[in-house]
$ cat model_33.txt   # compact mmCIF, C-alpha atoms and all ligand atoms
# COMPACT_ATOMS: atom_id res chain seq x y z
CA MET L 1 38.03 -102.22 7.98
CA THR L 2 38.91 -104.40 10.91
CA THR L 3 40.00 -102.01 13.62
CA SER L 4 38.61 -102.17 17.09
CA ASP L 5 39.14 -98.61 18.21
CA GLY L 6 36.41 -98.89 20.80
CA PHE L 7 33.82 -96.64 19.18
CA ILE L 8 31.53 -98.99 21.05
CA SER L 9 33.17 -100.37 24.16
CA ILE L 10 31.42 -103.11 26.13
CA ARG L 11 33.15 -103.63 29.45
CA HIS L 12 32.48 -106.52 31.82
CA VAL L 13 28.77 -106.52 31.12
CA ASN L 14 26.54 -108.99 32.98
CA LYS L 15 22.79 -109.38 32.63
CA PHE L 16 20.49 -111.28 34.96
CA PHE L 17 16.79 -111.97 34.43
CA GLY L 18 15.89 -112.91 38.01
CA SER L 19 18.42 -115.55 38.93
CA PHE L 20 19.07 -116.53 35.29
CA GLN L 21 22.26 -115.07 33.85
CA ALA L 22 21.69 -114.25 30.17
CA ILE L 23 24.99 -112.38 29.62
CA GLU L 24 28.21 -113.30 31.40
CA ASP L 25 31.16 -110.92 31.65
CA VAL L 26 31.13 -109.74 28.05
CA SER L 27 33.86 -107.30 27.04
CA MET L 28 34.64 -106.18 23.51
CA ASN L 29 35.31 -103.18 21.32
CA ILE L 30 33.59 -102.37 18.05
CA GLY L 31 35.24 -99.94 15.65
CA GLN L 32 33.66 -96.96 13.94
CA GLY L 33 32.25 -97.96 10.56
CA GLU L 34 32.63 -101.64 11.26
CA PHE L 35 30.15 -104.26 10.12
CA PHE L 36 30.17 -106.28 13.32
CA SER L 37 28.11 -109.43 13.90
CA LEU L 38 26.96 -111.30 16.97
CA LEU L 39 26.77 -114.97 15.98
CA GLY L 40 25.46 -117.85 18.04
CA ALA L 41 22.70 -120.41 18.47
CA SER L 42 19.22 -119.36 19.53
CA GLY L 43 19.09 -118.38 23.21
CA CYS L 44 22.80 -117.51 23.55
CA GLY L 45 22.09 -113.88 24.42
CA LYS L 46 22.45 -112.01 21.12
CA THR L 47 19.18 -110.09 21.32
CA THR L 48 19.76 -109.30 25.00
CA LEU L 49 23.15 -107.77 24.21
CA LEU L 50 21.71 -105.79 21.29
CA ARG L 51 18.85 -104.52 23.46
CA MET L 52 21.36 -103.33 26.06
CA LEU L 53 23.18 -101.40 23.31
CA ALA L 54 19.86 -99.85 22.32
CA GLY L 55 18.93 -99.11 25.92
CA PHE L 56 15.78 -101.27 25.92
CA GLU L 57 17.42 -103.36 28.64
CA SER L 58 19.69 -102.14 31.41
CA THR L 59 22.94 -103.93 32.27
CA SER L 60 23.01 -105.72 35.64
CA SER L 61 26.65 -104.69 35.97
CA GLY L 62 29.39 -103.40 33.70
CA GLU L 63 29.23 -100.45 31.33
CA ILE L 64 28.66 -99.80 27.65
CA TYR L 65 30.35 -96.78 26.06
CA ILE L 66 29.19 -95.43 22.72
CA ASP L 67 31.35 -92.80 21.05
CA GLY L 68 33.22 -92.29 24.31
CA GLN L 69 30.10 -91.76 26.44
CA PRO L 70 28.89 -94.14 29.17
CA THR L 71 25.31 -95.09 28.36
CA SER L 72 23.75 -96.51 31.53
CA ASP L 73 21.89 -93.29 32.33
CA VAL L 74 20.94 -92.55 28.73
CA PRO L 75 17.40 -93.59 27.65
CA PRO L 76 16.97 -95.29 24.25
CA HIS L 77 15.70 -92.22 22.38
CA HIS L 78 18.76 -90.21 23.45
CA ARG L 79 21.27 -92.83 22.30
CA PRO L 80 22.88 -92.36 18.87
CA VAL L 81 21.54 -95.75 17.80
CA ASN L 82 18.62 -97.16 15.89
CA MET L 83 17.32 -100.70 15.59
CA VAL L 84 15.91 -102.87 12.78
CA PHE L 85 13.99 -106.01 13.71
CA GLN L 86 13.34 -109.32 12.01
CA SER L 87 9.63 -108.70 11.69
CA TYR L 88 8.79 -105.87 9.34
CA ALA L 89 7.99 -103.19 11.89
CA ILE L 90 6.41 -100.89 9.35
CA PHE L 91 2.98 -99.32 9.60
CA PRO L 92 0.43 -100.92 7.26
CA HIS L 93 -1.84 -97.85 7.24
CA LEU L 94 0.93 -95.49 6.05
CA ASN L 95 2.40 -95.28 2.57
CA VAL L 96 6.09 -95.88 1.96
CA ARG L 97 7.05 -92.20 2.18
CA ASP L 98 5.32 -91.68 5.54
CA ASN L 99 6.78 -94.90 6.87
CA ILE L 100 10.30 -93.77 6.02
CA ALA L 101 9.70 -90.25 7.33
CA TYR L 102 8.08 -91.51 10.54
CA GLY L 103 11.05 -90.84 12.81
CA LEU L 104 11.43 -87.31 11.45
CA ARG L 105 7.96 -86.21 12.58
CA LYS L 106 9.27 -84.64 15.79
CA GLN L 107 11.87 -82.64 13.93
CA LYS L 108 10.27 -79.50 12.50
CA LEU L 109 11.47 -79.90 8.94
CA PRO L 110 9.94 -78.17 5.93
CA LYS L 111 7.96 -80.64 3.84
CA ALA L 112 10.23 -80.12 0.81
CA LYS L 113 13.31 -80.99 2.86
CA ARG L 114 11.63 -84.07 4.32
CA ASP L 115 10.52 -85.28 0.90
CA GLU L 116 14.03 -84.77 -0.40
CA MET L 117 15.46 -86.90 2.44
CA VAL L 118 12.90 -89.64 1.78
CA GLU L 119 13.68 -89.62 -1.94
CA GLU L 120 17.40 -89.93 -1.12
CA MET L 121 16.64 -92.96 1.05
CA LEU L 122 14.48 -94.52 -1.67
CA GLU L 123 17.43 -94.18 -4.05
CA LEU L 124 19.73 -95.74 -1.47
CA ILE L 125 17.52 -98.80 -1.01
CA LYS L 126 16.93 -99.06 -4.76
CA LEU L 127 13.18 -98.31 -4.60
CA PRO L 128 13.03 -94.89 -6.29
CA GLY L 129 9.51 -93.66 -6.98
CA TYR L 130 7.92 -95.98 -4.42
CA GLY L 131 6.91 -93.16 -2.05
CA GLN L 132 3.18 -93.35 -2.73
CA ARG L 133 2.95 -97.15 -2.55
CA LYS L 134 0.92 -98.61 0.27
CA ALA L 135 2.99 -100.60 2.73
CA THR L 136 0.66 -103.54 2.14
CA GLU L 137 1.59 -103.60 -1.56
CA LEU L 138 5.20 -104.54 -0.90
CA SER L 139 7.07 -107.84 -0.93
CA GLY L 140 8.95 -109.06 2.14
CA GLY L 141 12.28 -107.90 0.79
CA GLN L 142 10.87 -104.46 -0.06
CA ARG L 143 9.37 -104.09 3.39
CA GLN L 144 12.68 -104.86 5.01
CA ARG L 145 14.35 -102.24 2.79
CA ILE L 146 11.75 -99.72 3.97
CA ALA L 147 12.47 -100.63 7.60
CA LEU L 148 16.16 -100.03 6.89
CA ALA L 149 15.48 -96.67 5.25
CA ARG L 150 13.32 -95.62 8.17
CA ALA L 151 16.18 -96.35 10.57
CA LEU L 152 18.89 -94.79 8.39
CA ILE L 153 17.07 -91.52 7.66
CA LEU L 154 17.71 -90.50 11.28
CA ARG L 155 21.47 -90.78 10.61
CA PRO L 156 22.24 -92.88 13.69
CA LYS L 157 25.91 -93.45 14.54
CA VAL L 158 25.11 -97.10 15.10
CA LEU L 159 22.52 -99.31 13.44
CA LEU L 160 21.48 -102.41 15.38
CA LEU L 161 19.98 -105.20 13.28
CA ASP L 162 18.33 -108.19 14.94
CA GLU L 163 18.15 -111.03 12.38
CA PRO L 164 16.70 -108.59 9.83
CA LEU L 165 16.85 -111.12 6.98
CA GLY L 166 15.59 -114.08 8.98
CA ALA L 167 12.07 -114.03 7.55
CA LEU L 168 13.17 -113.98 3.90
CA ASP L 169 13.55 -117.07 1.75
CA LYS L 170 17.07 -118.22 0.94
CA GLN L 171 17.48 -116.64 -2.49
CA LEU L 172 16.14 -113.26 -1.46
CA ARG L 173 18.17 -113.39 1.75
CA GLU L 174 21.39 -113.92 -0.18
CA GLN L 175 20.58 -111.01 -2.49
CA MET L 176 19.72 -108.78 0.48
CA GLN L 177 22.99 -109.74 2.19
CA LEU L 178 24.96 -108.32 -0.73
CA GLU L 179 22.79 -105.19 -0.79
CA LEU L 180 23.09 -104.69 2.94
CA ARG L 181 26.87 -104.95 2.77
CA ALA L 182 27.05 -102.46 -0.08
CA LEU L 183 24.65 -100.11 1.69
CA GLN L 184 26.68 -100.22 4.91
CA ARG L 185 29.85 -99.36 2.99
CA GLN L 186 28.04 -96.50 1.30
CA VAL L 187 26.66 -94.89 4.47
CA GLY L 188 29.68 -95.77 6.63
CA ILE L 189 27.56 -96.26 9.75
CA THR L 190 28.63 -98.82 12.36
CA PHE L 191 26.41 -101.89 12.03
CA VAL L 192 25.92 -104.39 14.84
CA PHE L 193 24.20 -107.33 13.21
CA VAL L 194 22.68 -110.34 14.95
CA THR L 195 22.39 -113.71 13.22
CA HIS L 196 22.43 -117.42 14.05
CA ASP L 197 23.48 -118.18 10.46
CA GLN L 198 27.25 -118.63 10.24
CA GLU L 199 27.35 -118.25 6.47
CA GLU L 200 25.48 -114.97 6.72
CA ALA L 201 27.89 -113.70 9.37
CA LEU L 202 30.92 -114.74 7.29
CA THR L 203 29.50 -113.08 4.16
CA LEU L 204 28.66 -109.76 5.76
CA SER L 205 31.03 -109.01 8.58
CA ASP L 206 34.30 -107.23 9.11
CA ARG L 207 34.46 -109.01 12.44
CA ILE L 208 32.28 -111.49 14.31
CA ALA L 209 31.76 -112.23 18.00
CA VAL L 210 30.91 -115.91 18.44
CA MET L 211 28.59 -116.30 21.43
CA SER L 212 27.46 -119.30 23.46
CA GLY L 213 25.56 -119.49 26.72
CA GLY L 214 25.77 -115.76 27.39
CA LYS L 215 29.53 -115.61 26.82
CA VAL L 216 31.66 -114.35 23.96
CA LEU L 217 33.95 -117.19 22.89
CA GLN L 218 36.03 -115.37 20.29
CA VAL L 219 36.02 -112.08 18.39
CA ASP L 220 37.79 -112.19 15.05
CA THR L 221 37.59 -111.60 11.32
CA PRO L 222 35.74 -114.27 9.29
CA ALA L 223 39.06 -115.72 8.09
CA GLY L 224 40.51 -115.53 11.60
CA LEU L 225 37.62 -117.51 13.04
CA TYR L 226 37.76 -120.09 10.30
CA GLU L 227 41.53 -120.55 10.00
CA THR L 228 42.62 -119.99 13.61
CA PRO L 229 39.77 -120.82 15.96
CA LYS L 230 40.89 -120.62 19.58
CA THR L 231 38.68 -123.36 20.98
CA ARG L 232 37.02 -126.57 19.88
CA GLU L 233 33.61 -124.97 20.34
CA VAL L 234 34.40 -122.15 17.90
CA ALA L 235 36.12 -124.56 15.50
CA SER L 236 33.05 -126.77 15.30
CA PHE L 237 30.56 -123.91 15.22
CA ILE L 238 32.15 -122.28 12.16
CA GLY L 239 32.31 -124.89 9.41
CA ASN L 240 33.33 -128.53 9.89
CA MET L 241 36.44 -129.73 11.66
CA ASN L 242 38.21 -133.02 12.33
CA PHE L 243 39.78 -133.39 15.79
CA PHE L 244 42.59 -135.69 16.93
CA GLN L 245 43.89 -136.10 20.46
CA GLY L 246 47.63 -135.74 20.64
CA THR L 247 50.78 -135.13 22.67
CA VAL L 248 53.47 -132.56 21.87
CA ARG L 249 56.82 -134.05 20.80
CA ARG L 250 59.37 -131.29 20.38
CA ASN L 251 62.44 -133.47 19.72
CA GLY L 252 64.57 -130.33 19.45
CA ALA L 253 64.03 -130.34 15.69
CA ALA L 254 63.33 -127.36 13.41
CA MET L 255 59.82 -128.68 12.87
CA GLY L 256 57.78 -129.62 15.92
CA ALA L 257 55.57 -132.65 16.05
CA VAL L 258 52.50 -134.04 17.70
CA GLU L 259 51.92 -137.71 18.40
CA THR L 260 48.27 -138.22 17.49
CA GLU L 261 45.62 -140.89 17.64
CA GLY L 262 45.12 -142.02 14.07
CA LEU L 263 47.41 -139.64 12.18
CA GLY L 264 50.60 -140.86 13.88
CA HIS L 265 53.65 -138.69 14.54
CA ILE L 266 52.82 -135.59 12.50
CA PRO L 267 55.03 -132.58 11.76
CA VAL L 268 53.72 -129.23 13.04
CA PRO L 269 55.36 -125.83 12.45
CA LEU L 270 57.02 -124.64 15.67
CA ASP L 271 55.15 -121.32 15.71
CA GLN L 272 51.92 -123.33 16.00
CA LEU L 273 53.33 -125.24 18.95
CA THR L 274 53.38 -123.11 22.08
CA LYS L 275 52.95 -126.03 24.51
CA PRO L 276 55.88 -127.81 26.19
CA ASP L 277 57.05 -131.29 25.29
CA GLY L 278 54.63 -133.92 26.55
CA ALA L 279 51.64 -131.55 26.80
CA PRO L 280 48.30 -132.98 25.72
CA VAL L 281 46.73 -131.07 22.80
CA GLN L 282 44.13 -131.45 20.11
CA VAL L 283 45.01 -131.33 16.43
CA ALA L 284 42.27 -129.83 14.25
CA LEU L 285 42.09 -130.07 10.46
CA ARG L 286 39.33 -128.78 8.19
CA PRO L 287 37.89 -131.27 5.64
CA GLU L 288 39.14 -129.28 2.64
CA LYS L 289 42.73 -129.18 3.91
CA PHE L 290 43.20 -132.88 3.11
CA GLU L 291 44.32 -134.25 -0.19
CA LEU L 292 43.11 -137.66 -1.21
CA SER L 293 45.10 -139.97 -3.43
CA PRO L 294 44.80 -143.67 -4.28
CA THR L 295 48.56 -144.16 -3.82
CA ARG L 296 50.98 -142.72 -1.29
CA PRO L 297 51.56 -139.11 -2.41
CA GLU L 298 55.14 -138.50 -3.46
CA GLY L 299 56.99 -135.77 -1.62
CA ALA L 300 54.48 -135.47 1.21
CA LEU L 301 56.13 -134.97 4.62
CA HIS L 302 53.56 -137.25 6.13
CA ALA L 303 50.66 -139.29 4.80
CA VAL L 304 48.17 -141.69 6.32
CA GLU L 305 46.53 -144.67 4.72
CA GLY L 306 42.82 -145.24 5.19
CA ARG L 307 39.75 -146.73 3.57
CA LEU L 308 36.97 -144.80 1.94
CA SER L 309 33.84 -145.47 4.00
CA ASN L 310 31.35 -143.08 2.46
CA ALA L 311 31.09 -140.50 -0.30
CA ALA L 312 28.58 -137.86 -1.37
CA TYR L 313 28.60 -135.94 -4.64
CA LEU L 314 27.38 -132.35 -4.13
CA GLY L 315 27.97 -130.79 -7.54
CA GLU L 316 30.77 -128.28 -6.96
CA ARG L 317 32.19 -130.42 -4.13
CA SER L 318 32.28 -133.98 -2.96
CA HIS L 319 32.34 -135.14 0.65
CA TYR L 320 34.25 -138.27 1.64
CA TYR L 321 34.60 -140.16 4.87
CA VAL L 322 37.86 -141.99 5.33
CA SER L 323 38.32 -144.54 8.11
CA ILE L 324 41.79 -144.85 9.58
CA ALA L 325 43.26 -147.26 12.09
CA GLY L 326 43.36 -145.99 15.67
CA LYS L 327 40.42 -143.61 15.36
CA ASP L 328 36.76 -144.48 15.81
CA GLN L 329 35.26 -141.62 13.83
CA PRO L 330 35.98 -141.49 10.09
CA ILE L 331 37.73 -138.37 8.84
CA ALA L 332 35.61 -135.90 6.88
CA VAL L 333 37.26 -134.77 3.66
CA SER L 334 35.90 -132.27 1.18
CA THR L 335 37.25 -131.83 -2.33
CA GLN L 336 36.38 -129.45 -5.12
CA ASN L 337 35.18 -131.14 -8.29
CA LEU L 338 37.40 -129.28 -10.72
CA GLY L 339 37.26 -131.77 -13.55
CA ARG L 340 34.13 -133.51 -14.76
CA MET L 341 33.20 -136.33 -12.41
CA THR L 342 32.36 -139.63 -14.02
CA GLY L 343 30.79 -142.32 -11.94
CA ALA L 344 30.71 -142.70 -8.19
CA PRO L 345 33.92 -143.40 -6.28
CA ASP L 346 34.42 -146.94 -5.07
CA ILE L 347 33.37 -147.13 -1.43
CA SER L 348 33.38 -150.90 -1.21
CA GLY L 349 36.02 -150.53 1.48
CA ASP L 350 38.83 -152.41 -0.16
CA ALA L 351 40.54 -149.62 -2.01
CA PRO L 352 43.20 -147.81 0.01
CA MET L 353 42.96 -144.05 0.13
CA TRP L 354 45.86 -141.87 1.23
CA LEU L 355 45.40 -138.67 3.21
CA SER L 356 47.96 -135.89 3.17
CA TRP L 357 47.95 -132.22 4.16
CA ALA L 358 50.21 -129.21 4.52
CA PRO L 359 51.57 -128.91 8.08
CA GLU L 360 50.60 -125.21 8.02
CA ALA L 361 46.92 -126.20 7.74
CA ILE L 362 46.96 -127.71 11.23
CA VAL L 363 45.34 -125.89 14.14
CA ILE L 364 46.56 -126.81 17.62
CA LEU L 365 43.99 -126.47 20.40
CA ASP L 366 44.07 -127.10 24.12
CA ALA L 367 43.34 -130.67 25.12
CA ASP L 368 39.69 -131.36 25.60
CA GLU L 369 38.44 -134.11 27.88
CA THR L 370 35.18 -134.33 25.88
CA GLY L 371 37.14 -135.18 22.68
N1 LIG P 401 12.91 -110.61 29.51
C1 LIG P 401 13.44 -111.82 29.78
N2 LIG P 401 13.14 -112.47 30.91
C2 LIG P 401 13.68 -113.68 31.21
N3 LIG P 401 14.54 -114.33 30.39
C3 LIG P 401 14.88 -113.73 29.24
C4 LIG P 401 14.35 -112.45 28.87
N4 LIG P 401 14.87 -112.12 27.65
C5 LIG P 401 15.67 -113.14 27.31
N5 LIG P 401 15.68 -114.10 28.25
C6 LIG P 401 16.46 -115.36 28.22
O1 LIG P 401 17.82 -115.01 28.00
C7 LIG P 401 18.43 -115.95 27.11
C8 LIG P 401 18.98 -115.20 25.92
O2 LIG P 401 17.90 -114.73 25.13
P1 LIG P 401 18.12 -113.90 23.80
O3 LIG P 401 19.04 -112.77 24.09
O4 LIG P 401 16.79 -113.55 23.26
O5 LIG P 401 18.85 -114.98 22.88
P2 LIG P 401 19.11 -114.96 21.30
O6 LIG P 401 18.72 -113.63 20.76
O7 LIG P 401 20.57 -115.27 21.16
O8 LIG P 401 18.28 -116.08 20.75
C9 LIG P 401 17.36 -116.96 26.76
O9 LIG P 401 17.52 -118.08 27.59
C10 LIG P 401 16.07 -116.22 27.04
O10 LIG P 401 15.06 -117.14 27.39
MG MG P 402 17.28 -113.14 19.31
$ encode --input "model_33.txt" --output "structure tokens" --more "lines below"
Ligand SMILES: Nc1ncnc2c1ncn2[C@@H]1O[C@H](COP(=O)(O)OP(=O)(O)O)[C@@H](O)[C@H]1O
Ligand SMILES: [Mg+2]
Amino acid sequence: MTTSDGFISIRHVNKFFGSFQAIEDVSMNIGQGEFFSLLGASGCGKTTLLRMLAGFESTSSGEIYIDGQPTSDVPPHHRPVNMVFQSYAIFPHLNVRDNIAYGLRKQKLPKAKRDEMVEEMLELIKLPGYGQRKATELSGGQRQRIALARALILRPKVLLLDEPLGALDKQLREQMQLELRALQRQVGITFVFVTHDQEEALTLSDRIAVMSGGKVLQVDTPAGLYETPKTREVASFIGNMNFFQGTVRRNGAAMGAVETEGLGHIPVPLDQLTKPDGAPVQVALRPEKFELSPTRPEGALHAVEGRLSNAAYLGERSHYYVSIAGKDQPIAVSTQNLGRMTGAPDISGDAPMWLSWAPEAIVILDADETG
């Protein structure tokens, strides 16, 4: 689901540590049952925001509502949230069952009921029968499952996860990503998940908030972020992107156009073109949106001739760099290797290589003086 009904509502939140501002005017809504991720480079404020949701940090200003209730006066243990950390915060001296049941100790439950709840959790995390195991006899992936079970057994309305898969090796991490997604769907609890790994965020999330320098740059679905980034920063953070400076040329035609450095006078669908005639813009095109052909493609609205300057074979894909007149940086192109590849492409620089693309693949961004 991708709604943003404001089950969690973060409104104009700022956070200062002394004079350093770690969070700057962050506002966003997170829907009930959503798998929501905070994505950004190390130091951008993800953990700080998560800790404010948990109540481990106060906000300097602004308010966070959870399930309709303002939270600033609510201490962590009275919030309907629970947190899972990157390091396996499980107790080495307790067995698996007692680790999972740890949070229940203050609730006066009959032992049989408690054991039943633990067994249910062990089923959920696919470790049935592991109750008597010592915590020290578990692998990294198993420990992180136990940490999850320990948080989920308390039935929080919101589970906060701070890079919980960060310590696992790549293969195990990918497997755990799939399990985590399935588990979240099964329990239906709202997950707020922190990661600096864009692929992980894209794999797991209903929606993602891209953060940088304490600010939220864009909140969108994975496809929304990838296909329609709102800024150059988001466009280059999620995947690769080619940028071209340009000027809007409306010409009163059915199809708009942008005069670009390198790509020439290119057609752009009018609904992509909200700027007036003459406005400076940036044209952005993902590497895989290009088609490469040794001769001018027939029927293409527009095509540009270049020279292959570099190529890399990556198994399922190949990456090419194509130099074009009027642009310093070569254009990155990525193609899927559908047929069997034989031999390396000729990058001696003499062979012409034509670039074409569908006008709908173009993203128009505000002009950027750094471009
Ligand atoms: N308790 C603190 N005191 C001072 N600065 C802090 C504190 N916690 C975090 N910061 C700073 O706030 C910024 C954001 O940190 P953090 O939220 O941990 O980033 P992330 O989780 O995205 O890596 C960093 O520059 C960090 O050094
Ligand atoms: Mg962090």
$ residues_near_ligand --input "model_33.txt" --ligand "ligand MG 402 (chain P)" --cutoff "9 Å" --atoms "only C-alpha atoms and all ligand atoms" --output "PyMOL selection string"
chain L and resi 42-48+50+162-163+194-196
$ closest_residue --input "model_33.txt" --among "L:Leu161, L:Leu138, L:Ala167, L:Val118" --to "ligand LIG 401 (chain P)" --atoms "only C-alpha atoms and all ligand atoms"
L:Leu161
$ residues_around --input "model_33.txt" --residues "Phe85 (chain L)" --least-positions-apart "2" --cutoff "10 Å" --atoms "all atoms listed in the file" --output "PyMOL selection string"
chain L and resi 83+87-89+144+147-148+160-166+194
$ atom_distance --input "model_33.txt" --atom1 "atom C1 of ligand LIG 401 (chain P)" --atom2 "CA of Gly213 (chain L)"
14.7 Å
$ residues_near_point --input "model_33.txt" --point "(27.9, -117.5, 11.5)" --cutoff "8 Å" --atoms "all atoms listed in the file" --output "list in words"
Leu39, Gly40, Thr195, His196, Asp197, Gln198, Glu199, Glu200, Ala201, Leu202, Ile208, Val210, Phe237 and Ile238 of chain L
$ atom_distance --input "model_33.txt" --atom1 "CA of His77 (chain L)" --atom2 "CA of Ile153 (chain L)"
14.8 Å
$ residues_near_point --input "model_33.txt" --point "(32.0, -97.4, 11.1)" --cutoff "6 Å" --atoms "only C-alpha atoms" --output "list of chain:residue names"
L:Gln32, L:Gly33, L:Glu34, L:Gly188, L:Ile189, L:Thr190
$ atom_distance --input "model_33.txt" --atom1 "CA of Gln186 (chain L)" --atom2 "CA of Lys126 (chain L)"
12.9 Å
$ residues_around --input "model_33.txt" --residues "region 226-235 of chain L" --least-positions-apart "5" --cutoff "12 Å" --atoms "all atoms listed in the file" --output "PDB file with C-alpha atoms, keeping the file's coordinate frame"
ATOM      1  CA  LEU L  39      26.770-114.970  15.980  1.00  0.00           C
ATOM      2  CA  GLY L  40      25.460-117.850  18.040  1.00  0.00           C
ATOM      3  CA  ALA L  41      22.700-120.410  18.470  1.00  0.00           C
ATOM      4  CA  GLN L 198      27.250-118.630  10.240  1.00  0.00           C
ATOM      5  CA  GLU L 199      27.350-118.250   6.470  1.00  0.00           C
ATOM      6  CA  ALA L 201      27.890-113.700   9.370  1.00  0.00           C
ATOM      7  CA  LEU L 202      30.920-114.740   7.290  1.00  0.00           C
ATOM      8  CA  ARG L 207      34.460-109.010  12.440  1.00  0.00           C
ATOM      9  CA  ILE L 208      32.280-111.490  14.310  1.00  0.00           C
ATOM     10  CA  ALA L 209      31.760-112.230  18.000  1.00  0.00           C
ATOM     11  CA  VAL L 210      30.910-115.910  18.440  1.00  0.00           C
ATOM     12  CA  MET L 211      28.590-116.300  21.430  1.00  0.00           C
ATOM     13  CA  SER L 212      27.460-119.300  23.460  1.00  0.00           C
ATOM     14  CA  GLY L 213      25.560-119.490  26.720  1.00  0.00           C
ATOM     15  CA  VAL L 216      31.660-114.350  23.960  1.00  0.00           C
ATOM     16  CA  LEU L 217      33.950-117.190  22.890  1.00  0.00           C
ATOM     17  CA  GLN L 218      36.030-115.370  20.290  1.00  0.00           C
ATOM     18  CA  VAL L 219      36.020-112.080  18.390  1.00  0.00           C
ATOM     19  CA  ASP L 220      37.790-112.190  15.050  1.00  0.00           C
ATOM     20  CA  THR L 221      37.590-111.600  11.320  1.00  0.00           C
ATOM     21  CA  ASN L 240      33.330-128.530   9.890  1.00  0.00           C
ATOM     22  CA  MET L 241      36.440-129.730  11.660  1.00  0.00           C
ATOM     23  CA  ASN L 242      38.210-133.020  12.330  1.00  0.00           C
ATOM     24  CA  PHE L 243      39.780-133.390  15.790  1.00  0.00           C
ATOM     25  CA  PHE L 244      42.590-135.690  16.930  1.00  0.00           C
ATOM     26  CA  GLN L 245      43.890-136.100  20.460  1.00  0.00           C
ATOM     27  CA  GLN L 272      51.920-123.330  16.000  1.00  0.00           C
ATOM     28  CA  VAL L 281      46.730-131.070  22.800  1.00  0.00           C
ATOM     29  CA  GLN L 282      44.130-131.450  20.110  1.00  0.00           C
ATOM     30  CA  VAL L 283      45.010-131.330  16.430  1.00  0.00           C
ATOM     31  CA  ALA L 284      42.270-129.830  14.250  1.00  0.00           C
ATOM     32  CA  LEU L 285      42.090-130.070  10.460  1.00  0.00           C
ATOM     33  CA  ARG L 286      39.330-128.780   8.190  1.00  0.00           C
ATOM     34  CA  GLU L 288      39.140-129.280   2.640  1.00  0.00           C
ATOM     35  CA  LYS L 289      42.730-129.180   3.910  1.00  0.00           C
ATOM     36  CA  GLU L 360      50.600-125.210   8.020  1.00  0.00           C
ATOM     37  CA  ALA L 361      46.920-126.200   7.740  1.00  0.00           C
ATOM     38  CA  ILE L 362      46.960-127.710  11.230  1.00  0.00           C
ATOM     39  CA  VAL L 363      45.340-125.890  14.140  1.00  0.00           C
ATOM     40  CA  ILE L 364      46.560-126.810  17.620  1.00  0.00           C
ATOM     41  CA  LEU L 365      43.990-126.470  20.400  1.00  0.00           C
ATOM     42  CA  ASP L 366      44.070-127.100  24.120  1.00  0.00           C
ATOM     43  CA  ALA L 367      43.340-130.670  25.120  1.00  0.00           C
ATOM     44  CA  ASP L 368      39.690-131.360  25.600  1.00  0.00           C
ATOM     45  CA  GLU L 369      38.440-134.110  27.880  1.00  0.00           C
ATOM     46  CA  THR L 370      35.180-134.330  25.880  1.00  0.00           C
ATOM     47  CA  GLY L 371      37.140-135.180  22.680  1.00  0.00           C
TER      48      GLY L 371
END
$ residues_around --input "model_33.txt" --residues "region 16-21 of chain L" --least-positions-apart "4" --cutoff "12 Å" --atoms "all atoms listed in the file" --output "ChimeraX atom specification"
/L:25-26,43-45,48-49,52,57-62,213-215
$ closest_residue --input "model_33.txt" --among "L:Lys15, L:Glu123, L:Asn99, L:Ser309" --to "ligand LIG 401 (chain P)" --atoms "all atoms listed in the file"
L:Lys15
$ residues_around --input "model_33.txt" --residues "region 106-116 of chain L" --least-positions-apart "4" --cutoff "12 Å" --atoms "all atoms listed in the file" --output "list in words"
His77, Val96, Arg97, Asp98, Asn99, Ile100, Ala101, Tyr102, Glu120, Met121, Leu122, Glu123, Pro128, Gly129, Gly131, Gln132, Ile153 and Leu154 of chain L
$ write_last_selection --input "model_33.txt" --atoms "C-alpha atoms" --output "PDB file, keeping the file's coordinate frame"
ATOM      1  CA  HIS L  77      15.700 -92.220  22.380  1.00  0.00           C
ATOM      2  CA  VAL L  96       6.090 -95.880   1.960  1.00  0.00           C
ATOM      3  CA  ARG L  97       7.050 -92.200   2.180  1.00  0.00           C
ATOM      4  CA  ASP L  98       5.320 -91.680   5.540  1.00  0.00           C
ATOM      5  CA  ASN L  99       6.780 -94.900   6.870  1.00  0.00           C
ATOM      6  CA  ILE L 100      10.300 -93.770   6.020  1.00  0.00           C
ATOM      7  CA  ALA L 101       9.700 -90.250   7.330  1.00  0.00           C
ATOM      8  CA  TYR L 102       8.080 -91.510  10.540  1.00  0.00           C
ATOM      9  CA  GLU L 120      17.400 -89.930  -1.120  1.00  0.00           C
ATOM     10  CA  MET L 121      16.640 -92.960   1.050  1.00  0.00           C
ATOM     11  CA  LEU L 122      14.480 -94.520  -1.670  1.00  0.00           C
ATOM     12  CA  GLU L 123      17.430 -94.180  -4.050  1.00  0.00           C
ATOM     13  CA  PRO L 128      13.030 -94.890  -6.290  1.00  0.00           C
ATOM     14  CA  GLY L 129       9.510 -93.660  -6.980  1.00  0.00           C
ATOM     15  CA  GLY L 131       6.910 -93.160  -2.050  1.00  0.00           C
ATOM     16  CA  GLN L 132       3.180 -93.350  -2.730  1.00  0.00           C
ATOM     17  CA  ILE L 153      17.070 -91.520   7.660  1.00  0.00           C
ATOM     18  CA  LEU L 154      17.710 -90.500  11.280  1.00  0.00           C
TER      19      LEU L 154
END
$ closest_residue --input "model_33.txt" --among "L:Gly141, L:Leu292, L:Ile146, L:Leu94" --to "Gln177 (chain L)" --atoms "all atoms listed in the file"
L:Gly141
$ residues_around --input "model_33.txt" --residues "Arg11 (chain L)" --least-positions-apart "5" --cutoff "12 Å" --atoms "all atoms listed in the file" --output "list in words"
Gly6, Ile23, Glu24, Asp25, Val26, Ser27, Met28, Asn29, Ile30, Leu53, Thr59, Ser61, Gly62, Glu63, Ile64, Tyr65, Ile66, Pro70, Thr71 and Ser72 of chain L
